[in-house]
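> The structure's right below; bear with me while I get my questions together.
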Amino acid sequence: MTSSRLESPTHTTGAHRAHRRAPRMSPGRPPARYEPYLDGLFTYCLSVLCDHDAATEVLGDVLAIAERQQGRCPGDTAERKAWLYALARWACLRRLTEQRRRRQGAHTGRPAAPEEREASTSPGTAERRRAELALLAWPEAAGTTPEQREALELAVRHGLSAGQVASVLGTEPA
């Protein structure tokens, strides 16, 4: 049965509760155990999302999730690195899916395009961000699939071993 009432419901739906519980890092410095990975994780998020602000937000989410799931964090440094990149990949893919859903629901309004958001930043900041993205481009990877480019990104730029790349991508090492 549908209602023609214009008021918003007074109860909170499950989606709203989940959003409220979404992990957020407390303001301040991230734990020292993640410090060696921050630059690489940010660069990885930026290469996947192609948006500086979104990459920053997702990195914050990744660190908050890692803190919440501390018991699952591997003790071995190499395994910890792969685990953090797997979390980053999951968070980036989740963000891309959310953006795609918002675009498909055009009747609710389309989110601002990256260029529109850049207009609200200073010209120097926007130019620096474009330069950062340009540095992430790999002309040598032309003709490869997105999956192959992601594997190259993880192996070459971020120094993950074949086993770690497979772990992050959820595939077999071969």
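Residues are referred to by chain and number: the chain letter is A, B, ... according to the order shown in the structure tokens, the number counts from 1 in that chain, and ligands are numbered separately from 1 in the order shown.
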Leaving out A:Ala88 and any residue of its chain fewer than 4 positions from it, which residues lie within 8 Å of it when counting only C-alpha atoms, given as JSON, numbers by chain?
{"A": [41, 44, 45, 58, 59, 62, 84, 92]}
> Kindly save the residues from that selection, with N, CA and C atoms included, as a PDB file, in the first residue's frame.

```
ATOM      1  N   LEU A  41      48.850   3.774  -0.530  1.00  0.00           N
ATOM      2  CA  LEU A  41      47.409   3.537  -0.509  1.00  0.00           C
ATOM      3  C   LEU A  41      46.648   4.706  -1.117  1.00  0.00           C
ATOM      4  N   TYR A  44      47.128   4.604  -4.863  1.00  0.00           N
ATOM      5  CA  TYR A  44      46.317   3.530  -5.426  1.00  0.00           C
ATOM      6  C   TYR A  44      44.860   3.968  -5.515  1.00  0.00           C
ATOM      7  N   CYS A  45      44.325   4.531  -4.439  1.00  0.00           N
ATOM      8  CA  CYS A  45      42.934   4.999  -4.443  1.00  0.00           C
ATOM      9  C   CYS A  45      42.733   6.074  -5.513  1.00  0.00           C
ATOM     10  N   VAL A  58      38.104   7.825   0.856  1.00  0.00           N
ATOM     11  CA  VAL A  58      38.182   6.362   0.864  1.00  0.00           C
ATOM     12  C   VAL A  58      39.366   5.901   1.705  1.00  0.00           C
ATOM     13  N   LEU A  59      40.493   6.592   1.616  1.00  0.00           N
ATOM     14  CA  LEU A  59      41.643   6.230   2.439  1.00  0.00           C
ATOM     15  C   LEU A  59      41.293   6.340   3.924  1.00  0.00           C
ATOM     16  N   VAL A  62      39.295   3.328   4.752  1.00  0.00           N
ATOM     17  CA  VAL A  62      40.154   2.139   4.815  1.00  0.00           C
ATOM     18  C   VAL A  62      40.860   2.061   6.166  1.00  0.00           C
ATOM     19  N   LEU A  84      45.915  -4.381   3.487  1.00  0.00           N
ATOM     20  CA  LEU A  84      45.501  -2.984   3.385  1.00  0.00           C
ATOM     21  C   LEU A  84      45.133  -2.614   1.952  1.00  0.00           C
ATOM     22  N   CYS A  92      37.329   1.276  -2.773  1.00  0.00           N
ATOM     23  CA  CYS A  92      37.261   2.017  -4.038  1.00  0.00           C
ATOM     24  C   CYS A  92      36.153   1.464  -4.928  1.00  0.00           C
TER      25      CYS A  92
END
```
> Tell me which of A:Ala64, A:Val48, A:Leu38, A:Ala78 sits closest to A:Glu153, counting only C-alpha atoms.
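Counting only C-alpha atoms, the residue closest to A:Glu153 is A:Val48.
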> Tell me, in Å to one decimal, how far atom CA of A:Arg95 is from atom CA of A:Leu49.
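Answer for the atom CA of A:Arg95 to atom CA of A:Leu49 separation: 8.2 Å.
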> Report, in Å with one decimal, the straight-line distance from atom CA of A:Gly163 to atom CA of A:His52.
28.8 Å
> Using only C-alpha atoms, can you tell me which of A:Gln70, A:Gln99, A:Ser161, A:Gln148 comes closest to A:Pro31?
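The shortest atom-to-atom distance to A:Pro31 comes from A:Gln70.
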> Between A:Ile65, A:Asp51, A:Ala82, A:Ala137, single out the one closest to A:Arg149, counting only C-alpha atoms.
A:Ala137
